[in-house]
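Here is input_1.txt, consisting of compact mmCIF, C-alpha atoms and all ligand atoms:
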```txt
# COMPACT_ATOMS: atom_id res chain seq x y z
CA MET A 1 -151.02 53.59 208.64
CA ARG A 2 -149.79 50.53 210.54
CA PHE A 3 -151.58 47.25 210.94
CA SER A 4 -151.25 44.12 213.05
CA ILE A 5 -153.48 41.07 213.39
CA LEU A 6 -153.77 40.26 217.11
CA GLY A 7 -155.38 36.91 216.51
CA SER A 8 -157.55 35.11 214.01
CA GLY A 9 -159.65 31.94 213.97
CA SER A 10 -162.82 30.52 215.47
CA SER A 11 -161.54 31.19 219.00
CA GLY A 12 -161.20 34.91 218.35
CA ASN A 13 -160.52 37.64 215.80
CA ALA A 14 -159.10 41.12 216.30
CA ALA A 15 -156.69 43.45 214.55
CA LEU A 16 -155.12 46.80 215.38
CA LEU A 17 -154.99 49.68 212.92
CA VAL A 18 -152.97 52.77 213.84
CA THR A 19 -152.93 56.10 212.01
CA GLU A 20 -151.57 59.48 213.07
CA GLN A 21 -154.86 60.35 214.78
CA ALA A 22 -156.57 57.05 215.51
CA ARG A 23 -155.97 53.69 217.14
CA VAL A 24 -158.75 51.27 216.36
CA LEU A 25 -159.54 47.60 216.65
CA VAL A 26 -161.19 45.69 213.84
CA ASP A 27 -163.39 43.21 215.73
CA ALA A 28 -162.90 42.34 219.40
CA GLY A 29 -163.33 38.58 219.58
CA PHE A 30 -161.23 38.07 222.71
CA SER A 31 -161.87 38.97 226.34
CA ALA A 32 -160.71 42.47 227.31
CA ARG A 33 -157.98 40.89 229.44
CA ARG A 34 -156.76 38.86 226.47
CA LEU A 35 -156.95 41.88 224.15
CA GLY A 36 -154.80 43.80 226.62
CA ALA A 37 -152.26 40.95 226.66
CA LEU A 38 -152.20 40.83 222.85
CA LEU A 39 -151.71 44.61 222.58
CA ALA A 40 -148.91 44.81 225.16
CA PRO A 41 -146.09 43.34 222.98
CA LEU A 42 -146.94 46.00 220.36
CA GLY A 43 -146.49 48.71 222.99
CA GLU A 44 -150.24 49.39 223.02
CA SER A 45 -153.05 49.08 225.56
CA LEU A 46 -156.84 49.34 225.66
CA ASP A 47 -156.47 52.73 227.40
CA ARG A 48 -155.11 54.08 224.14
CA ILE A 49 -157.69 52.46 221.82
CA ASP A 50 -160.22 54.95 220.43
CA ALA A 51 -162.75 52.68 218.74
CA VAL A 52 -163.76 49.18 217.71
CA PHE A 53 -165.30 48.35 214.34
CA LEU A 54 -167.49 45.25 214.42
CA THR A 55 -168.11 43.07 211.38
CA HIS A 56 -170.88 41.02 213.01
CA GLU A 57 -172.16 39.73 216.36
CA HIS A 58 -170.62 36.24 216.49
CA GLY A 59 -168.65 35.62 219.68
CA ASP A 60 -165.34 35.16 217.90
CA HIS A 61 -165.68 38.80 216.72
CA ALA A 62 -167.62 40.55 219.48
CA ALA A 63 -166.98 38.66 222.75
CA GLY A 64 -164.67 41.41 224.00
CA ILE A 65 -167.31 44.15 224.01
CA GLU A 66 -168.61 43.05 227.44
CA GLY A 67 -165.20 43.55 229.06
CA LEU A 68 -164.78 46.95 227.41
CA LYS A 69 -167.14 48.41 230.00
CA LYS A 70 -163.99 49.19 231.96
CA PHE A 71 -162.93 51.35 229.00
CA PRO A 72 -165.97 53.58 228.43
CA HIS A 73 -164.03 55.97 226.20
CA ILE A 74 -163.90 53.31 223.43
CA ARG A 75 -166.54 53.90 220.78
CA VAL A 76 -168.08 50.84 219.15
CA PHE A 77 -168.98 51.15 215.47
CA ALA A 78 -171.51 48.68 214.07
CA ASN A 79 -174.60 48.64 211.90
CA ASP A 80 -177.94 48.63 213.70
CA PRO A 81 -178.77 44.88 213.48
CA THR A 82 -175.27 43.95 214.71
CA ALA A 83 -175.39 46.47 217.58
CA ARG A 84 -178.81 45.17 218.68
CA ALA A 85 -177.62 41.55 218.60
CA VAL A 86 -174.50 42.35 220.66
CA GLN A 87 -176.38 44.67 223.07
CA SER A 88 -178.89 41.90 223.91
CA GLY A 89 -176.08 39.98 225.62
CA LEU A 90 -174.55 42.92 227.50
CA GLN A 91 -174.98 44.28 231.03
CA HIS A 92 -173.86 47.78 230.05
CA ARG A 93 -174.42 50.08 227.10
CA PRO A 94 -171.29 50.81 225.05
CA ASP A 95 -170.86 54.10 223.20
CA TRP A 96 -172.51 52.75 220.03
CA GLN A 97 -171.79 54.56 216.78
CA ILE A 98 -174.26 53.22 214.25
CA PHE A 99 -173.44 53.21 210.55
CA GLN A 100 -175.45 52.21 207.51
CA THR A 101 -174.05 49.25 205.64
CA GLY A 102 -172.62 50.53 202.37
CA ALA A 103 -172.26 54.14 203.52
CA ARG A 104 -168.85 55.81 203.72
CA PHE A 105 -167.93 57.73 206.84
CA VAL A 106 -164.94 59.25 208.56
CA PHE A 107 -163.47 58.66 212.01
CA ARG A 108 -160.64 61.14 212.67
CA ASP A 109 -158.15 60.61 209.81
CA LEU A 110 -159.61 57.25 208.82
CA GLU A 111 -162.13 56.80 206.00
CA ILE A 112 -164.33 53.76 206.43
CA GLU A 113 -166.49 51.93 203.98
CA SER A 114 -168.53 48.88 204.94
CA PHE A 115 -169.91 46.37 202.51
CA ALA A 116 -172.38 43.51 202.98
CA VAL A 117 -171.03 39.96 203.00
CA PRO A 118 -173.02 36.68 202.83
CA HIS A 119 -172.74 35.02 206.26
CA ASP A 120 -175.20 33.58 208.78
CA ALA A 121 -175.38 36.66 211.05
CA GLN A 122 -177.83 39.62 211.33
CA GLU A 123 -176.11 41.99 208.89
CA PRO A 124 -172.45 41.00 208.50
CA VAL A 125 -170.03 43.36 206.79
CA GLY A 126 -166.50 43.66 205.54
CA PHE A 127 -164.58 46.94 205.80
CA ARG A 128 -162.29 49.06 203.73
CA PHE A 129 -160.14 51.48 205.74
CA THR A 130 -158.33 54.29 203.95
CA ASN A 131 -155.86 56.82 205.28
CA GLY A 132 -153.55 59.46 203.79
CA ARG A 133 -153.62 61.71 200.76
CA GLU A 134 -152.91 61.09 197.10
CA GLY A 135 -149.36 62.14 196.24
CA ASP A 136 -148.42 62.98 199.85
CA LEU A 137 -144.82 61.88 200.39
CA PHE A 138 -145.19 61.44 204.14
CA SER A 139 -148.73 60.18 204.31
CA PRO A 140 -149.59 58.52 200.99
CA ARG A 141 -153.10 57.28 200.42
CA ARG A 142 -153.32 53.61 201.44
CA SER A 143 -156.20 51.28 202.04
CA LEU A 144 -156.84 47.95 203.68
CA ALA A 145 -159.71 45.52 203.14
CA TRP A 146 -160.96 43.31 205.97
CA LEU A 147 -162.92 40.37 204.69
CA THR A 148 -163.66 37.42 206.96
CA ASP A 149 -166.73 35.28 207.57
CA LEU A 150 -168.34 35.00 204.16
CA GLY A 151 -169.75 31.98 202.40
CA HIS A 152 -168.91 33.30 198.95
CA ALA A 153 -167.66 36.51 197.38
CA PRO A 154 -170.28 38.41 195.37
CA GLN A 155 -169.38 41.16 192.92
CA ASN A 156 -169.61 44.04 195.45
CA VAL A 157 -166.93 42.34 197.56
CA ARG A 158 -164.67 41.88 194.56
CA GLU A 159 -164.94 45.57 193.68
CA CYS A 160 -164.07 46.57 197.24
CA ILE A 161 -160.80 44.67 197.45
CA ARG A 162 -159.51 45.43 193.95
CA GLY A 163 -157.90 48.83 194.63
CA CYS A 164 -156.63 48.07 198.16
CA ASP A 165 -152.97 47.89 199.19
CA VAL A 166 -153.55 45.25 201.85
CA VAL A 167 -156.19 42.52 201.73
CA VAL A 168 -157.15 40.42 204.73
CA VAL A 169 -159.24 37.51 203.55
CA GLU A 170 -160.66 34.40 205.11
CA SER A 171 -159.26 31.02 204.10
CA ASN A 172 -161.28 29.00 206.56
CA HIS A 173 -161.14 25.35 205.67
CA CYS A 174 -159.81 22.74 203.32
CA PRO A 175 -162.96 21.15 201.81
CA GLN A 176 -161.46 17.64 201.95
CA MET A 177 -160.40 18.02 205.59
CA LEU A 178 -163.85 19.36 206.48
CA GLN A 179 -165.62 16.42 204.83
CA ALA A 180 -163.26 13.93 206.53
CA ASP A 181 -163.71 15.52 209.98
CA SER A 182 -165.50 13.11 212.32
CA ARG A 183 -166.16 15.53 215.20
CA ARG A 184 -168.51 17.88 213.36
CA PRO A 185 -172.07 16.75 212.60
CA TRP A 186 -173.28 16.88 209.02
CA SER A 187 -175.44 19.96 209.71
CA THR A 188 -172.44 21.94 210.97
CA LYS A 189 -170.38 20.98 207.94
CA GLN A 190 -173.25 22.11 205.71
CA ARG A 191 -173.40 25.46 207.54
CA ILE A 192 -169.65 26.05 207.27
CA SER A 193 -169.38 25.16 203.59
CA GLY A 194 -172.71 26.77 202.60
CA ARG A 195 -173.32 30.03 200.72
CA HIS A 196 -173.64 31.88 204.06
CA GLY A 197 -170.86 30.06 205.89
CA HIS A 198 -167.12 30.43 205.52
CA LEU A 199 -164.77 30.83 202.57
CA SER A 200 -162.72 27.70 201.88
CA ASN A 201 -159.10 27.69 200.67
CA GLU A 202 -160.52 27.07 197.22
CA GLY A 203 -162.95 29.99 197.65
CA ALA A 204 -160.10 32.30 198.70
CA ARG A 205 -158.00 31.10 195.78
CA GLU A 206 -160.79 31.71 193.29
CA LEU A 207 -161.46 35.20 194.67
CA LEU A 208 -157.80 36.25 194.70
CA ALA A 209 -157.15 34.79 191.24
CA ALA A 210 -160.21 36.50 189.78
CA VAL A 211 -159.40 39.94 191.21
CA ALA A 212 -155.55 39.69 191.30
CA SER A 213 -154.64 43.38 191.44
CA PRO A 214 -151.19 44.91 190.89
CA HIS A 215 -152.09 47.29 193.77
CA TRP A 216 -151.81 44.55 196.37
CA ARG A 217 -148.75 44.71 198.60
CA HIS A 218 -149.74 42.23 201.27
CA VAL A 219 -152.42 39.55 201.44
CA TYR A 220 -153.22 37.93 204.80
CA LEU A 221 -155.00 34.57 204.83
CA THR A 222 -156.98 34.38 208.05
CA HIS A 223 -159.69 32.66 210.14
CA LEU A 224 -158.16 29.21 209.54
CA SER A 225 -160.05 26.33 211.11
CA ARG A 226 -157.87 24.61 213.71
CA ASP A 227 -159.10 21.10 212.82
CA CYS A 228 -160.05 21.41 209.18
CA ASN A 229 -157.20 23.43 207.72
CA SER A 230 -153.43 23.83 207.86
CA ARG A 231 -150.76 26.23 206.70
CA ALA A 232 -149.63 23.63 204.15
CA ALA A 233 -153.15 23.25 202.73
CA VAL A 234 -153.56 27.04 202.37
CA GLU A 235 -150.14 27.42 200.77
CA LEU A 236 -150.83 24.59 198.33
CA ALA A 237 -154.18 26.09 197.31
CA LEU A 238 -152.62 29.52 196.76
CA ALA A 239 -149.37 28.52 195.07
CA GLU A 240 -150.52 29.53 191.60
CA VAL A 241 -151.94 32.91 192.68
CA ARG A 242 -148.75 33.70 194.57
CA ALA A 243 -146.70 32.98 191.49
CA THR A 244 -148.70 35.51 189.45
CA LEU A 245 -148.47 38.21 192.15
CA ARG A 246 -144.72 38.28 192.74
CA ALA A 247 -144.63 41.81 194.16
CA CYS A 248 -147.20 40.90 196.81
CA GLU A 249 -146.31 39.40 200.17
CA PHE A 250 -148.54 36.57 201.46
CA SER A 251 -148.98 35.71 205.15
CA VAL A 252 -150.90 32.72 206.44
CA VAL A 253 -152.12 33.61 209.94
CA GLU A 254 -152.49 30.43 211.95
CA PRO A 255 -154.93 30.15 214.86
CA GLY A 256 -153.32 31.27 218.11
CA SER A 257 -150.79 33.53 216.44
CA GLY A 258 -150.71 37.17 215.38
CA THR A 259 -148.63 39.25 213.01
CA PRO A 260 -146.04 41.98 213.63
CA PHE A 261 -146.84 45.56 212.62
CA TYR A 262 -147.00 46.08 208.88
CA GLU A 263 -146.39 49.64 207.64
CA LEU A 264 -148.70 50.52 204.75
CA GLY A 265 -147.07 53.67 203.54
ZN ZN B 301 -169.17 34.60 211.95
ZN ZN B 302 -165.71 34.25 212.68
```

Same coordinates, now as structure tokens:
Amino acid sequence: MRFSILGSGSSGNAALLVTEQARVLVDAGFSARRLGALLAPLGESLDRIDAVFLTHEHGDHAAGIEGLKKFPHIRVFANDPTARAVQSGLQHRPDWQIFQTGARFVFRDLEIESFAVPHDAQEPVGFRFTNGREGDLFSPRRSLAWLTDLGHAPQNVRECIRGCDVVVVESNHCPQMLQADSRRPWSTKQRISGRHGHLSNEGARELLAAVASPHWRHVYLTHLSRDCNSRAAVELALAEVRATLRACEFSVVEPGSGTPFYELG
């Protein structure tokens, strides 16, 4: 299983996950044209994408679904409330594949588990993707957790990321930078930092420190606010956790940049 983040932040989120039998996007928060441009350097294109898995209906995660009408072969997996919210803004009807939040299901050689996260959307979820077989030399069992857009991390979320090999987690804002920001009204700041908003650097630190699993090979810090966060602030907040997880690689994904392919197994 190979994985690349195409982009992350409030102006758009999407990642590519490739297995032997499937090529899928996790969220599609860019226009179809932009998604195509982000896939091209990886040697991929929307023609070859089989499915999209949506976490929730916010534009920075689902804006690309409209443009996917030119690619009707792409199936769109979402829970019912998310699909309804996205469909209400569309001119066409994508090939919706509805799942129940919390249920496990299979798409080709990919096992998917969704779990509820606290965020101000209809029914937002995180995902755990698993591929491969236990003890298989060529295709070992590996899993990846995708966890963005959550105000806090309840116990179910902690359980889901513990046994994963790769964890993608939101590190949205530096609380001090958010409070000092003069462009955002008080109500917006309250929404962002609230229990159903976004995980701060401190929130990400607390979560990673509390779960800190020897399984983890790579942790990606994502969905950074352009104005109210910085690479330096994330790295400072996570310095202690990084020191305790020496075998784990950490990547801070800044807005406007993606990551090269990472091979999970
Ligand atoms: Zn959101
Ligand atoms: Zn978002």

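With all atoms listed in the file as the basis for measurement, A:Gly59 is the residue among A:Gly194, A:Pro140, A:Gly265, A:Gly59 that approaches ligand ZN 302 (chain B) most closely.
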
Exercise. Please identify all polymer residues within 10 Å of Gly102 of chain A, counting only C-alpha atoms, omitting same-chain residues fewer than 6 positions from it, and present them as a list in words.
Key: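 Here the qualifying residues turn out to be Asn79, Ile112, Glu113, Ser114, Phe115, Ala116, Val125, Gly126, Phe127 and Asn156 of chain A.
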
Counting only C-alpha atoms, which residues of segment 6-79 of chain A sit at most 10 Å from some atom of segment 91-98 of chain A, and what is each one's closest atom pair with its distance in Å to one decimal, listed by chain and rising residue number, as a Markdown table?
```
| residue | atom | partner | partner_atom | distance |
| --- | --- | --- | --- | --- |
| A:Ala51 | CA | A:Asp95 | CA | 9.4 |
| A:Val52 | CA | A:Gln97 | CA | 9.7 |
| A:Phe53 | CA | A:Gln97 | CA | 9.3 |
| A:Ile65 | CA | A:Pro94 | CA | 7.8 |
| A:Glu66 | CA | A:Gln91 | CA | 7.4 |
| A:Gly67 | CA | A:His92 | CA | 9.7 |
| A:Leu68 | CA | A:Pro94 | CA | 7.9 |
| A:Lys69 | CA | A:His92 | CA | 6.7 |
| A:Phe71 | CA | A:Pro94 | CA | 9.3 |
| A:Pro72 | CA | A:Pro94 | CA | 6.9 |
| A:His73 | CA | A:Asp95 | CA | 7.7 |
| A:Ile74 | CA | A:Asp95 | CA | 7.0 |
| A:Arg75 | CA | A:Asp95 | CA | 5.0 |
| A:Val76 | CA | A:Trp96 | CA | 4.9 |
| A:Phe77 | CA | A:Gln97 | CA | 4.6 |
| A:Ala78 | CA | A:Ile98 | CA | 5.3 |
| A:Asn79 | CA | A:Ile98 | CA | 5.2 |
```

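For the pair atom CA of Leu6 of chain A and atom CA of Arg231 of chain A, the separation is 17.7 Å.
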
Exercise. Show me which residues sit within 6 Å of ligand ZN 302 (chain B) when counting all atoms listed in the file, and put them as a ChimeraX atom specification.
Key: /A:10,60,149

Quiz item: Near Asn201 of chain A, within 6 Å and counting only C-alpha atoms, which residues show up once chain neighbours fewer than 4 positions away are dropped, as a list in words?
Solution: Ser171, His173, Cys174 and Val234 of chain A

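Take atom CA of Glu206 of chain A and atom CA of Glu263 of chain A: the distance between them is 27.1 Å.
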
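For the set A:Trp216, A:Trp186, A:Phe107, A:Trp146, the residue with the smallest atom-to-atom gap to Ile5 of chain A is A:Trp146, counting only C-alpha atoms.
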
Each residue of chain A with at least one atom at most 10 Å from ligand ZN 301 (chain B) should appear once, together with its nearest atom pair and the corresponding distance in Å (one decimal); atoms considered: all atoms listed in the file; ordering: chain, then increasing residue number; output as a tab-separated table.
```
residue	atom	partner	partner_atom	distance
A:Ser10	CA	B:ZN301	ZN	8.3
A:Asn13	CA	B:ZN301	ZN	9.9
A:Thr55	CA	B:ZN301	ZN	8.6
A:His56	CA	B:ZN301	ZN	6.7
A:Glu57	CA	B:ZN301	ZN	7.4
A:His58	CA	B:ZN301	ZN	5.0
A:Gly59	CA	B:ZN301	ZN	7.8
A:Asp60	CA	B:ZN301	ZN	7.1
A:His61	CA	B:ZN301	ZN	7.3
A:Ala62	CA	B:ZN301	ZN	9.7
A:His119	CA	B:ZN301	ZN	6.7
A:Asp120	CA	B:ZN301	ZN	6.9
A:Ala121	CA	B:ZN301	ZN	6.6
A:Pro124	CA	B:ZN301	ZN	8.0
A:Thr148	CA	B:ZN301	ZN	8.0
A:Asp149	CA	B:ZN301	ZN	5.1
A:Leu150	CA	B:ZN301	ZN	7.8
A:Gly151	CA	B:ZN301	ZN	9.9
A:Ile192	CA	B:ZN301	ZN	9.8
A:His196	CA	B:ZN301	ZN	9.5
A:Gly197	CA	B:ZN301	ZN	7.8
A:His198	CA	B:ZN301	ZN	7.9
A:His223	CA	B:ZN301	ZN	9.8
```
